[in-house]
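**Q** Contents are mmCIF, C-alpha atoms and all ligand atoms; file name run33.cif:
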```cif
data_target
loop_
_atom_site.label_atom_id
_atom_site.label_comp_id
_atom_site.auth_asym_id
_atom_site.auth_seq_id
_atom_site.Cartn_x
_atom_site.Cartn_y
_atom_site.Cartn_z
CA MET A 9 -56.06 41.70 -0.70
CA SER A 10 -52.39 40.69 -0.98
CA PRO A 11 -50.91 38.24 1.50
CA THR A 12 -48.51 39.61 4.07
CA LEU A 13 -44.87 38.71 3.51
CA THR A 14 -42.85 37.50 6.44
CA ASP A 15 -39.16 38.17 6.46
CA ALA A 16 -36.44 35.99 7.92
CA SER A 17 -36.65 37.68 11.29
CA GLY A 18 -40.37 36.98 11.46
CA ALA A 19 -41.30 40.65 11.02
CA HIS A 20 -44.14 41.54 8.69
CA ALA A 21 -43.95 43.85 5.73
CA ASP A 22 -46.70 45.23 3.58
CA PRO A 23 -46.04 43.74 0.11
CA THR A 24 -47.79 46.65 -1.56
CA ASP A 25 -45.03 48.95 -0.38
CA GLY A 26 -41.69 47.83 -1.81
CA LEU A 27 -39.65 50.22 0.29
CA SER A 28 -41.18 48.94 3.51
CA VAL A 29 -40.47 45.36 2.39
CA LEU A 30 -36.82 46.20 1.91
CA GLU A 31 -36.51 48.14 5.16
CA GLN A 32 -38.16 45.34 7.09
CA ARG A 33 -35.64 42.99 5.59
CA LYS A 34 -32.78 45.27 6.49
CA SER A 35 -31.77 45.52 2.85
CA GLN A 36 -30.02 48.56 1.55
CA ALA A 37 -32.83 50.96 0.77
CA ALA A 38 -30.33 53.16 -1.05
CA THR A 39 -30.15 50.54 -3.78
CA PHE A 40 -33.90 50.75 -4.25
CA GLY A 41 -33.65 53.77 -6.53
CA ILE A 42 -34.90 53.62 -10.07
CA PRO A 43 -32.32 51.97 -12.36
CA LEU A 44 -30.23 54.30 -14.50
CA ALA A 45 -30.59 52.09 -17.57
CA VAL A 46 -33.67 50.28 -18.84
CA LEU A 47 -34.15 47.71 -21.59
CA ALA A 48 -37.12 48.24 -23.89
CA GLU A 49 -38.07 45.12 -25.84
CA LEU A 50 -39.95 46.86 -28.63
CA THR A 51 -41.10 43.66 -30.31
CA HIS A 52 -40.61 39.90 -30.25
CA ARG A 53 -40.68 39.79 -34.06
CA CYS A 54 -37.27 38.84 -35.48
CA PRO A 55 -35.96 37.47 -38.78
CA LEU A 56 -33.38 35.42 -36.86
CA GLN A 57 -34.21 32.20 -35.02
CA CYS A 58 -31.31 31.82 -32.56
CA PRO A 59 -31.71 28.69 -30.46
CA TYR A 60 -30.57 30.48 -27.28
CA CYS A 61 -32.84 33.52 -27.55
CA SER A 62 -33.58 35.11 -24.18
CA ASN A 63 -37.18 35.88 -25.14
CA PRO A 64 -39.86 33.70 -23.51
CA LEU A 65 -40.99 30.53 -25.30
CA GLU A 66 -44.38 32.15 -25.67
CA LEU A 67 -43.56 35.17 -27.76
CA GLU A 68 -45.81 38.22 -27.69
CA ARG A 69 -47.67 38.83 -30.95
CA ASN A 70 -47.41 42.18 -32.71
CA ASN A 71 -51.07 43.07 -32.12
CA ALA A 72 -50.25 43.14 -28.39
CA GLU A 73 -47.29 45.53 -28.81
CA LEU A 74 -47.38 49.02 -27.35
CA THR A 75 -48.27 51.63 -29.96
CA THR A 76 -45.94 54.45 -30.96
CA GLY A 77 -47.88 56.81 -28.72
CA GLU A 78 -47.68 54.43 -25.77
CA TRP A 79 -43.92 53.93 -26.18
CA LYS A 80 -43.42 57.70 -26.36
CA ARG A 81 -45.35 58.15 -23.15
CA VAL A 82 -43.22 55.40 -21.55
CA LEU A 83 -39.99 57.09 -22.69
CA SER A 84 -41.12 60.43 -21.27
CA GLU A 85 -42.08 58.74 -18.02
CA LEU A 86 -38.69 57.00 -17.78
CA ALA A 87 -36.87 60.30 -18.23
CA GLU A 88 -39.09 61.95 -15.61
CA ILE A 89 -38.32 59.33 -12.97
CA GLY A 90 -34.57 59.60 -13.48
CA VAL A 91 -33.63 56.92 -16.03
CA LEU A 92 -30.63 58.03 -18.11
CA GLN A 93 -30.18 55.30 -20.73
CA ILE A 94 -32.56 53.34 -22.86
CA HIS A 95 -31.53 50.16 -24.65
CA PHE A 96 -33.85 49.40 -27.57
CA SER A 97 -33.98 45.65 -27.99
CA GLY A 98 -36.30 42.83 -29.03
CA GLY A 99 -36.76 40.45 -30.86
CA GLU A 100 -35.41 42.73 -33.52
CA PRO A 101 -36.11 46.40 -32.71
CA THR A 102 -35.55 47.49 -36.31
CA ALA A 103 -38.66 45.47 -37.23
CA ARG A 104 -40.62 48.39 -35.72
CA LYS A 105 -41.29 50.94 -38.44
CA ASP A 106 -41.41 53.71 -35.84
CA LEU A 107 -37.92 53.09 -34.44
CA ALA A 108 -36.46 56.40 -35.69
CA GLU A 109 -39.46 58.24 -34.22
CA LEU A 110 -38.94 56.52 -30.86
CA ILE A 111 -35.21 57.29 -30.87
CA ARG A 112 -35.99 60.91 -31.73
CA HIS A 113 -38.44 61.11 -28.83
CA ALA A 114 -36.00 59.45 -26.42
CA THR A 115 -33.35 61.97 -27.49
CA ASP A 116 -35.75 64.87 -27.05
CA VAL A 117 -36.54 63.84 -23.47
CA GLY A 118 -32.82 63.53 -22.71
CA LEU A 119 -32.20 59.76 -22.79
CA TYR A 120 -28.95 58.19 -24.04
CA THR A 121 -29.99 55.66 -26.68
CA ASN A 122 -28.45 52.28 -27.49
CA LEU A 123 -29.70 49.95 -30.23
CA ILE A 124 -29.28 46.22 -29.61
CA THR A 125 -29.76 44.64 -33.01
CA SER A 126 -29.02 41.70 -35.29
CA ALA A 127 -28.55 44.39 -37.98
CA VAL A 128 -29.92 42.20 -40.76
CA LEU A 129 -32.86 44.50 -41.50
CA LEU A 130 -30.70 47.64 -41.62
CA THR A 131 -29.78 49.51 -44.77
CA LYS A 132 -27.33 52.37 -44.77
CA GLU A 133 -30.20 54.84 -45.30
CA LYS A 134 -32.11 53.43 -42.33
CA LEU A 135 -29.04 53.64 -40.11
CA ILE A 136 -28.43 57.24 -41.18
CA ALA A 137 -32.04 58.04 -40.20
CA LEU A 138 -31.48 56.49 -36.77
CA VAL A 139 -28.26 58.46 -36.26
CA ASP A 140 -30.03 61.64 -37.38
CA ALA A 141 -32.70 60.88 -34.80
CA GLY A 142 -30.01 60.87 -32.11
CA LEU A 143 -28.88 57.24 -31.79
CA CYS A 144 -25.81 57.21 -29.52
CA HIS A 145 -24.53 53.60 -29.66
CA ILE A 146 -25.11 50.34 -31.48
CA GLN A 147 -24.61 46.75 -30.35
CA ILE A 148 -24.60 44.12 -33.09
CA SER A 149 -24.92 40.41 -32.32
CA PHE A 150 -22.73 37.90 -34.14
CA GLN A 151 -23.28 34.14 -34.12
CA GLY A 152 -19.77 33.17 -35.23
CA SER A 153 -16.71 34.49 -37.08
CA GLU A 154 -17.69 33.14 -40.49
CA GLN A 155 -20.78 32.55 -42.55
CA GLY A 156 -21.09 28.76 -42.15
CA ILE A 157 -21.76 28.47 -38.44
CA ALA A 158 -23.05 32.04 -38.02
CA ASP A 159 -25.86 31.69 -40.58
CA ARG A 160 -26.71 28.23 -39.29
CA VAL A 161 -27.09 29.40 -35.67
CA ALA A 162 -29.09 32.44 -36.77
CA GLY A 163 -31.26 30.25 -39.00
CA LEU A 164 -30.96 32.87 -41.76
CA LYS A 165 -28.94 32.74 -44.96
CA ASP A 166 -26.51 35.62 -45.54
CA ALA A 167 -27.12 37.05 -42.07
CA HIS A 168 -23.39 37.17 -41.25
CA ALA A 169 -22.45 39.14 -44.36
CA LYS A 170 -25.20 41.69 -43.64
CA LYS A 171 -23.95 42.16 -40.09
CA ILE A 172 -20.39 42.79 -41.24
CA GLU A 173 -21.66 45.37 -43.72
CA ALA A 174 -23.85 47.10 -41.11
CA ALA A 175 -20.97 47.23 -38.62
CA GLY A 176 -18.93 49.01 -41.31
CA TRP A 177 -21.69 51.61 -41.80
CA ALA A 178 -21.90 52.15 -38.05
CA ARG A 179 -18.21 53.01 -37.83
CA GLU A 180 -18.40 55.14 -40.99
CA LEU A 181 -21.16 57.14 -39.30
CA GLY A 182 -19.08 57.48 -36.14
CA LEU A 183 -21.35 55.30 -33.98
CA PRO A 184 -19.63 53.58 -31.05
CA LEU A 185 -19.92 49.83 -31.68
CA THR A 186 -20.21 46.84 -29.37
CA VAL A 187 -19.95 43.35 -30.83
CA ASN A 188 -21.97 40.78 -28.92
CA ALA A 189 -21.00 37.14 -29.40
CA VAL A 190 -22.98 34.41 -27.67
CA MET A 191 -20.74 31.37 -27.23
CA HIS A 192 -21.55 27.67 -26.94
CA ARG A 193 -20.11 24.28 -27.80
CA GLN A 194 -20.67 24.68 -31.54
CA ASN A 195 -18.89 28.03 -31.99
CA LEU A 196 -16.38 28.28 -29.13
CA SER A 197 -13.56 27.09 -31.39
CA GLN A 198 -14.01 30.38 -33.30
CA LEU A 199 -13.40 32.63 -30.31
CA PRO A 200 -9.89 33.80 -31.35
CA ASP A 201 -11.29 34.69 -34.79
CA ILE A 202 -14.29 36.45 -33.24
CA ILE A 203 -11.93 38.59 -31.16
CA GLN A 204 -9.94 39.44 -34.28
CA MET A 205 -13.18 40.14 -36.15
CA ALA A 206 -14.18 42.67 -33.47
CA VAL A 207 -10.77 44.37 -33.82
CA ASP A 208 -11.08 44.42 -37.63
CA LEU A 209 -14.57 45.92 -37.34
CA ASP A 210 -13.07 48.67 -35.16
CA ALA A 211 -15.47 47.81 -32.32
CA ASP A 212 -15.01 49.57 -28.98
CA ARG A 213 -16.22 46.62 -26.97
CA LEU A 214 -16.73 42.88 -27.33
CA GLU A 215 -19.13 40.92 -25.18
CA VAL A 216 -18.18 37.26 -24.99
CA ALA A 217 -21.30 35.81 -23.43
CA ASN A 218 -21.58 32.12 -22.69
CA VAL A 219 -25.15 30.93 -23.15
CA GLN A 220 -27.34 31.13 -20.05
CA TYR A 221 -29.79 28.24 -19.90
CA TYR A 222 -33.42 29.25 -19.57
CA GLY A 223 -36.18 29.66 -22.15
CA TRP A 224 -35.01 28.75 -25.66
CA ALA A 225 -31.49 27.92 -24.52
CA LEU A 226 -32.82 25.41 -21.99
CA LYS A 227 -34.74 23.74 -24.81
CA ASN A 228 -31.47 23.55 -26.78
CA ARG A 229 -29.13 22.86 -23.88
CA ALA A 230 -27.85 19.50 -25.14
CA ALA A 231 -26.82 21.06 -28.47
CA LEU A 232 -25.20 24.11 -26.86
CA MET A 233 -23.50 22.99 -23.64
CA PRO A 234 -19.72 23.48 -23.88
CA THR A 235 -17.23 21.02 -22.47
CA MET A 236 -15.24 21.88 -19.36
CA GLU A 237 -12.12 21.80 -21.51
CA GLN A 238 -13.58 24.40 -23.88
CA ILE A 239 -14.43 26.68 -20.96
CA GLU A 240 -10.93 26.42 -19.53
CA GLN A 241 -9.48 27.31 -22.92
CA THR A 242 -11.94 30.20 -23.32
CA SER A 243 -10.90 31.84 -20.08
CA GLY A 244 -7.25 31.68 -21.17
CA ILE A 245 -8.05 33.11 -24.62
CA VAL A 246 -10.06 35.99 -23.15
CA GLU A 247 -7.40 36.76 -20.57
CA GLU A 248 -4.63 36.84 -23.16
CA ALA A 249 -6.70 39.03 -25.52
CA GLU A 250 -7.60 41.46 -22.73
CA GLY A 251 -3.92 42.07 -22.05
CA ARG A 252 -2.92 42.27 -25.69
CA LEU A 253 -5.80 44.55 -26.75
CA LYS A 254 -5.78 46.95 -23.81
CA GLY A 255 -6.78 50.39 -25.10
CA ILE A 256 -7.95 48.88 -28.42
CA LEU A 257 -10.86 46.62 -27.52
CA ALA A 258 -12.60 46.25 -24.16
CA ILE A 259 -13.80 42.69 -23.54
CA ASP A 260 -16.67 41.69 -21.24
CA TYR A 261 -16.76 38.01 -20.39
CA VAL A 262 -19.87 36.24 -19.10
CA VAL A 263 -18.86 32.89 -17.61
CA PRO A 264 -21.08 29.82 -17.95
CA ASP A 265 -23.06 28.96 -14.84
CA TYR A 266 -23.01 25.20 -14.89
CA TYR A 267 -19.25 24.96 -14.44
CA ALA A 268 -19.01 27.74 -11.86
CA LEU A 269 -18.68 27.37 -8.10
CA ARG A 270 -20.58 30.52 -7.25
CA PRO A 271 -23.60 31.85 -9.12
CA LYS A 272 -23.69 35.13 -10.98
CA LYS A 273 -25.29 38.15 -9.32
CA CYS A 274 -28.06 37.98 -11.85
CA MET A 275 -29.39 41.41 -12.86
CA GLY A 276 -27.43 42.81 -9.91
CA GLY A 277 -30.03 41.16 -7.67
CA TRP A 278 -33.75 40.77 -8.40
CA GLY A 279 -35.46 44.17 -8.46
CA ARG A 280 -32.38 46.07 -7.34
CA GLN A 281 -30.75 47.60 -10.39
CA PHE A 282 -32.66 46.60 -13.47
CA PHE A 283 -35.99 46.23 -15.18
CA ASN A 284 -37.10 45.67 -18.71
CA ILE A 285 -40.28 46.43 -20.56
CA SER A 286 -41.85 43.70 -22.67
CA PRO A 287 -43.37 44.48 -26.10
CA SER A 288 -46.85 44.67 -24.56
CA GLY A 289 -45.65 46.91 -21.74
CA LYS A 290 -45.12 44.50 -18.85
CA ILE A 291 -42.40 45.60 -16.41
CA LEU A 292 -40.10 42.63 -15.72
CA PRO A 293 -37.19 42.21 -13.29
CA CYS A 294 -35.23 40.41 -16.03
CA HIS A 295 -35.66 39.32 -19.64
CA ALA A 296 -36.51 35.74 -18.63
CA ALA A 297 -38.78 36.50 -15.66
CA GLU A 298 -41.90 35.31 -17.46
CA THR A 299 -40.47 31.79 -17.53
CA ILE A 300 -41.31 31.69 -13.80
CA THR A 301 -44.92 30.62 -13.55
CA GLY A 302 -47.17 32.05 -10.85
CA LEU A 303 -45.77 35.59 -10.93
CA VAL A 304 -47.95 38.45 -12.13
CA PHE A 305 -46.25 41.34 -13.89
CA GLU A 306 -47.96 44.73 -14.09
CA SER A 307 -48.20 46.72 -17.30
CA VAL A 308 -47.37 50.34 -18.11
CA ARG A 309 -50.89 50.41 -19.53
CA ASP A 310 -52.33 50.10 -16.02
CA HIS A 311 -49.87 51.77 -13.63
CA PRO A 312 -47.12 54.40 -13.53
CA ILE A 313 -43.68 52.78 -13.88
CA ALA A 314 -42.39 54.13 -10.54
CA TRP A 315 -45.42 52.62 -8.82
CA ILE A 316 -44.75 49.22 -10.41
CA TRP A 317 -41.06 49.35 -9.48
CA GLN A 318 -41.92 50.04 -5.89
CA ASN A 319 -45.08 48.01 -5.40
CA SER A 320 -45.04 45.06 -7.78
CA GLU A 321 -45.49 41.90 -5.78
CA ALA A 322 -43.40 39.99 -8.32
CA PHE A 323 -40.49 42.42 -7.77
CA ASN A 324 -40.89 42.38 -4.01
CA ARG A 325 -41.12 38.60 -3.81
CA TYR A 326 -37.35 38.11 -4.27
CA ARG A 327 -36.01 41.54 -3.35
CA GLY A 328 -33.28 41.87 -0.77
CA THR A 329 -32.33 38.86 1.30
CA GLY A 330 -35.33 38.18 3.56
CA TRP A 331 -36.91 35.65 1.16
CA MET A 332 -33.82 33.46 1.02
CA PRO A 333 -33.81 29.84 2.08
CA GLN A 334 -30.79 28.09 3.54
CA PRO A 335 -27.95 27.84 2.68
CA CYS A 336 -28.24 31.42 1.30
CA GLN A 337 -29.88 32.88 4.41
CA SER A 338 -26.83 32.38 6.58
CA CYS A 339 -24.24 32.65 3.82
CA GLU A 340 -21.63 35.38 3.84
CA PHE A 341 -22.19 35.96 0.10
CA ARG A 342 -25.93 36.63 0.29
CA GLU A 343 -25.49 40.33 -0.39
CA VAL A 344 -22.80 39.65 -2.97
CA ASP A 345 -24.74 37.44 -5.38
CA TYR A 346 -28.28 37.69 -3.93
CA GLY A 347 -28.67 33.93 -4.25
CA GLY A 348 -27.90 33.87 -7.99
CA CYS A 349 -30.53 33.68 -10.68
CA ARG A 350 -34.26 33.22 -9.90
CA CYS A 351 -35.02 32.07 -13.43
CA GLN A 352 -32.33 29.42 -13.33
CA ALA A 353 -33.49 28.25 -9.89
CA PHE A 354 -37.00 27.88 -11.30
CA ALA A 355 -35.84 26.20 -14.51
CA LEU A 356 -33.77 23.62 -12.67
CA THR A 357 -35.67 23.07 -9.43
CA GLY A 358 -39.24 24.17 -10.20
CA ASN A 359 -39.06 26.74 -7.40
CA ALA A 360 -37.67 30.23 -7.99
CA ALA A 361 -37.10 30.67 -4.24
CA ASN A 362 -34.47 27.95 -4.13
CA THR A 363 -30.75 28.61 -4.13
CA ASP A 364 -29.51 28.81 -7.71
CA PRO A 365 -28.06 25.32 -8.40
CA ALA A 366 -25.07 27.03 -10.04
CA CYS A 367 -23.89 27.55 -6.44
CA ALA A 368 -21.65 24.79 -5.11
CA LEU A 369 -23.53 25.01 -1.80
CA SER A 370 -26.83 24.06 -3.45
CA PRO A 371 -27.74 20.40 -2.89
CA LEU A 372 -28.38 20.22 -6.65
CA HIS A 373 -25.05 21.62 -7.77
CA GLU A 374 -23.34 18.32 -8.33
CA GLN A 375 -26.26 17.12 -10.39
CA ILE A 376 -26.18 20.07 -12.81
CA PHE A 377 -22.41 19.74 -13.15
CA LYS A 378 -22.95 16.09 -14.09
CA THR A 379 -25.71 17.03 -16.53
CA ALA A 380 -23.40 19.56 -18.16
CA THR A 381 -20.61 17.04 -18.48
CA ILE A 382 -22.87 14.40 -20.00
CA GLU A 383 -24.65 16.75 -22.40
CA SER A 384 -21.43 18.40 -23.54
CA ALA A 385 -20.00 14.99 -24.46
CA GLY A 386 -23.19 13.93 -26.28
CA ASP A 387 -23.84 14.07 -30.00
CA THR A 388 -26.92 16.30 -30.01
CA ARG A 389 -26.17 18.85 -32.65
CA LEU A 390 -29.36 20.02 -34.30
CA PHE A 391 -31.05 23.15 -32.99
CA ILE A 392 -34.67 23.84 -32.21
CA TYR A 393 -35.08 27.24 -33.81
CA ARG A 394 -36.93 30.00 -32.00
CA ASN A 395 -40.17 31.05 -33.67
CA PHE A 396 -43.78 31.95 -32.96
CA ALA A 397 -44.83 28.35 -33.63
CA GLY A 398 -43.08 27.17 -30.46
CA GLY A 399 -39.88 26.06 -32.20
CA THR A 400 -38.83 24.12 -35.29
CA LEU A 401 -36.19 21.41 -35.38
CA GLU A 402 -33.32 22.15 -37.74
CA THR A 403 -33.16 20.07 -40.90
CA ASP A 404 -29.99 18.03 -40.98
CA VAL A 405 -28.80 19.32 -44.35
CA HIS A 406 -25.20 18.46 -43.56
CA GLY A 407 -26.09 14.89 -42.67
CA THR A 408 -23.89 14.86 -39.61
FE1 LIG B 501 -24.76 32.83 -3.01
FE2 LIG B 501 -26.64 31.44 -1.70
FE3 LIG B 501 -24.55 30.18 -2.75
FE4 LIG B 501 -24.22 31.76 -0.62
S1 LIG B 501 -25.40 29.84 -0.71
S2 LIG B 501 -22.89 31.69 -2.43
S3 LIG B 501 -25.73 33.39 -1.08
S4 LIG B 501 -26.15 31.31 -3.87
FE1 LIG B 502 -34.09 36.11 -14.47
FE2 LIG B 502 -31.55 35.62 -13.75
S1 LIG B 502 -32.40 35.68 -15.76
S2 LIG B 502 -33.17 36.37 -12.52
#
```
So, in terms of structure tokens, how does the structure I just supplied come out?
Ligand code: SF4
Ligand code: FES

**A**
Amino acid sequence: MSPTLTDASGAHADPTDGLSVLEQRKSQAATFGIPLAVLAELTHRCPLQCPYCSNPLELERNNAELTTGEWKRVLSELAEIGVLQIHFSGGEPTARKDLAELIRHATDVGLYTNLITSAVLLTKEKLIALVDAGLCHIQISFQGSEQGIADRVAGLKDAHAKKIEAAGWARELGLPLTVNAVMHRQNLSQLPDIIQMAVDLDADRLEVANVQYYGWALKNRAALMPTMEQIEQTSGIVEEAEGRLKGILAIDYVVPDYYALRPKKCMGGWGRQFFNISPSGKILPCHAAETITGLVFESVRDHPIAWIWQNSEAFNRYRGTGWMPQPCQSCEFREVDYGGCRCQAFALTGNAANTDPACALSPLHEQIFKTATIESAGDTRLFIYRNFAGGTLETDVHGT
């Protein structure tokens, strides 16, 4: 039998009933609806080895992946419970041979489909097949503006050139294109060129996302952490480009946590607006949730998705505001940022229920700011590449 949760007011809520947990906590039950968009991580297999990958350190093997039939059932179920958009992601989703079949099925059940891809496994023929199956949008990740740094970060030779080519095919085929660029100390100097690259590729949108430090990125933090000076310059560059490129390129900017004063409203609040599905079918409140030890995540193989969304103890643990410690509990921003990021709180304090140290009101804030400053000024440069073996240290071919 599950333990009874106690909310801040001392009232008891049955943790097997998510709605009752939220009502007891006086959270907004209206926000407890099923999310409109869901991320499906089809596989953790990927030809790239990015050192900031958001997948867990322990990657799921392909023999654990949901079958084509299981994914189709999941897609139908999502449409039935009111989901409107499905983002196919990974790992590298195009590593699944049944991707076109899954896109076709998603289209048939009425879902808007987005493909989040590194694009390196695509050929023009494959992309045409995906478009024919109903693909509505493509997001291609870039690791830099030119081959040198981009291929090095990706850990794959010629990756950058393949991405540029695939982006061209996407536009030729009339697919709306988002360019995703993950930024860190070793590629931030290329930001103006990345913005221009997105314009040249005729992208509709550019995501400039500073690395968030959990999982693989935490392992590589010393090699990735930008300097405060870089971040100040970045904000100026993004602001200028937003004004200049209005109506040409929309830019989304994800600020880095360690230099912020207030934390991000991660995932729109735990279990409020988002879930993703892992390759083996686990329903997770965020892509990094499995980095938090001690939480159990239910699988689509065992329960209906709506049941998991409503009843999962892992979702209910940090839903709403009742679970919050001080200073969050009495903070005026508690329903603005929902205490920040649970995964970051766990990564930096060992307890996911703590205030995210990215918040200036956290007793640990000063310490992480100091860590960021020290690491950003350090000379750690080599990456630990993401792979199924638990990571491989980059060979220092450049001798620097
Ligand atoms: Fe957000 Fe908590 Fe910081 Fe307040 S104390 S700003 S609720 S993280
Ligand atoms: Fe998991 Fe922020 S990434 S809650």

**Q** At most 8 Å is the cut-off: for each residue in chain A with any atom that close to an atom of ligand LIG 502 (chain B), write down the nearest atom pair and the distance in Å rounded to one decimal, counting only C-alpha atoms and all ligand atoms, chain first then increasing number, as a Markdown table.

**A**
```
| residue | atom | partner | partner_atom | distance |
| --- | --- | --- | --- | --- |
| A:Tyr222 | CA | B:LIG502 | S1 | 7.5 |
| A:Cys274 | CA | B:LIG502 | FE2 | 4.6 |
| A:Met275 | CA | B:LIG502 | FE2 | 6.2 |
| A:Gly277 | CA | B:LIG502 | S2 | 7.5 |
| A:Trp278 | CA | B:LIG502 | S2 | 6.1 |
| A:Pro293 | CA | B:LIG502 | FE1 | 6.9 |
| A:Cys294 | CA | B:LIG502 | FE1 | 4.7 |
| A:His295 | CA | B:LIG502 | S1 | 6.2 |
| A:Ala296 | CA | B:LIG502 | FE1 | 4.8 |
| A:Ala297 | CA | B:LIG502 | FE1 | 4.9 |
| A:Gly348 | CA | B:LIG502 | FE2 | 7.0 |
| A:Cys349 | CA | B:LIG502 | FE2 | 3.8 |
| A:Arg350 | CA | B:LIG502 | S2 | 4.2 |
| A:Cys351 | CA | B:LIG502 | FE1 | 4.3 |
| A:Gln352 | CA | B:LIG502 | FE2 | 6.3 |
```

**Q** Would you tabulate, counting all atoms listed in the file, all residues of chain A that have an atom at most 6 Å from an atom of ligand LIG 501 (chain B), showing the closest pair of atoms and their distance in Å to one decimal, sorted by chain then ascending number, as a Markdown table?

**A**
```
| residue | atom | partner | partner_atom | distance |
| --- | --- | --- | --- | --- |
| A:Arg270 | CA | B:LIG501 | S2 | 5.5 |
| A:Pro271 | CA | B:LIG501 | S4 | 5.9 |
| A:Pro335 | CA | B:LIG501 | S1 | 4.7 |
| A:Cys336 | CA | B:LIG501 | FE2 | 3.4 |
| A:Cys339 | CA | B:LIG501 | FE4 | 4.5 |
| A:Phe341 | CA | B:LIG501 | S3 | 4.5 |
| A:Arg342 | CA | B:LIG501 | S3 | 3.5 |
| A:Asp345 | CA | B:LIG501 | FE1 | 5.2 |
| A:Tyr346 | CA | B:LIG501 | S3 | 5.8 |
| A:Gly347 | CA | B:LIG501 | S4 | 3.7 |
| A:Gly348 | CA | B:LIG501 | S4 | 5.2 |
| A:Thr363 | CA | B:LIG501 | S4 | 5.3 |
| A:Asp364 | CA | B:LIG501 | S4 | 5.7 |
| A:Cys367 | CA | B:LIG501 | FE3 | 4.6 |
| A:Leu369 | CA | B:LIG501 | S1 | 5.3 |
```

**Q** Axis-aligned box over every listed atom of range 64-69 of chain A, padded by 4 Å per side: centre and edges in Å to one decimal, as AutoDock Vina command-line options?

**A**
```
--center_x -43.8 --center_y 34.7 --center_z -27.2 --size_x 15.8 --size_y 16.3 --size_z 15.4
```

**Q** Go through range 168-242 of chain A residue by residue and, counting only C-alpha atoms, keep those with an atom at most 8 Å from range 60-71 of chain A; for each kept residue give the shortest atom pair and its distance in Å to one decimal, ordered by chain and increasing number, as JSON lines.

**A**
```
{"residue": "A:Val219", "atom": "CA", "partner": "A:Tyr60", "partner_atom": "CA", "distance": 6.8}
{"residue": "A:Gln220", "atom": "CA", "partner": "A:Tyr60", "partner_atom": "CA", "distance": 7.9}
{"residue": "A:Tyr221", "atom": "CA", "partner": "A:Tyr60", "partner_atom": "CA", "distance": 7.8}
{"residue": "A:Tyr222", "atom": "CA", "partner": "A:Ser62", "partner_atom": "CA", "distance": 7.5}
{"residue": "A:Gly223", "atom": "CA", "partner": "A:Pro64", "partner_atom": "CA", "distance": 5.6}
{"residue": "A:Trp224", "atom": "CA", "partner": "A:Tyr60", "partner_atom": "CA", "distance": 5.0}
{"residue": "A:Ala225", "atom": "CA", "partner": "A:Tyr60", "partner_atom": "CA", "distance": 3.9}
{"residue": "A:Leu226", "atom": "CA", "partner": "A:Tyr60", "partner_atom": "CA", "distance": 7.7}
{"residue": "A:Asn228", "atom": "CA", "partner": "A:Tyr60", "partner_atom": "CA", "distance": 7.0}
```

**Q** Between A:Thr235, A:Gln93, A:Gln204, A:Ser243, which is the closest to Ala217 in chain A once you count all atoms listed in the file?

**A** A:Ser243

**Q** Please provide the set of residues having any atom within 7 Å of Ile291 in chain A, restricted to all atoms listed in the file, with same-chain residues fewer than 5 positions apart removed, written as a VMD selection string.

**A** chain A and resid 283 to 286 305 to 307

**Q** In Å, rounded to a single decimal, give me how far CA of Ala108 in chain A is from CA of Ala141 in chain A.

**A**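 Pair CA of Ala141 in chain A / CA of Ala108 in chain A returns 5.9 Å.
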
**Q** To one decimal place in Å, what is the distance between CA of Leu269 in chain A and CA of Ala385 in chain A?

**A** 20.6 Å

**Q** Select, from A:Thr131, A:Gln151, A:Asn122, A:Gln241, the residue with the minimum atom-to-atom distance to Ala175 in chain A, counting only C-alpha atoms.

**A**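 Of the candidates, the smallest distance to Ala175 in chain A is held by A:Thr131.
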
**Q** Can I get a file of range 255-277 of chain A from the given structure, C-alpha atoms kept, as an mmCIF file, in the first residue's frame?

**A**
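Heads up, here's the output in out10.cif:
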```cif
data_model
loop_
_atom_site.group_PDB
_atom_site.id
_atom_site.type_symbol
_atom_site.label_atom_id
_atom_site.label_comp_id
_atom_site.auth_asym_id
_atom_site.auth_seq_id
_atom_site.Cartn_x
_atom_site.Cartn_y
_atom_site.Cartn_z
ATOM 1 C CA GLY A 255 9.320 38.162 -39.439
ATOM 2 C CA ILE A 256 12.258 36.202 -40.903
ATOM 3 C CA LEU A 257 13.474 33.976 -38.081
ATOM 4 C CA ALA A 258 11.875 33.398 -34.679
ATOM 5 C CA ILE A 259 14.462 32.837 -31.941
ATOM 6 C CA ASP A 260 13.867 30.940 -28.694
ATOM 7 C CA TYR A 261 16.524 31.517 -26.070
ATOM 8 C CA VAL A 262 17.101 29.158 -23.135
ATOM 9 C CA VAL A 263 19.210 30.935 -20.515
ATOM 10 C CA PRO A 264 21.823 29.067 -18.472
ATOM 11 C CA ASP A 265 20.751 28.239 -14.936
ATOM 12 C CA TYR A 266 23.955 28.682 -13.021
ATOM 13 C CA TYR A 267 24.200 32.396 -13.728
ATOM 14 C CA ALA A 268 20.501 33.114 -13.221
ATOM 15 C CA LEU A 269 18.851 34.627 -10.159
ATOM 16 C CA ARG A 270 15.596 32.746 -10.537
ATOM 17 C CA PRO A 271 15.236 29.169 -11.765
ATOM 18 C CA LYS A 272 13.445 28.165 -14.922
ATOM 19 C CA LYS A 273 9.890 26.826 -14.689
ATOM 20 C CA CYS A 274 11.172 23.449 -15.721
ATOM 21 C CA MET A 275 8.702 21.511 -17.896
ATOM 22 C CA GLY A 276 6.113 24.125 -16.923
ATOM 23 C CA GLY A 277 6.118 22.528 -13.459
#
```
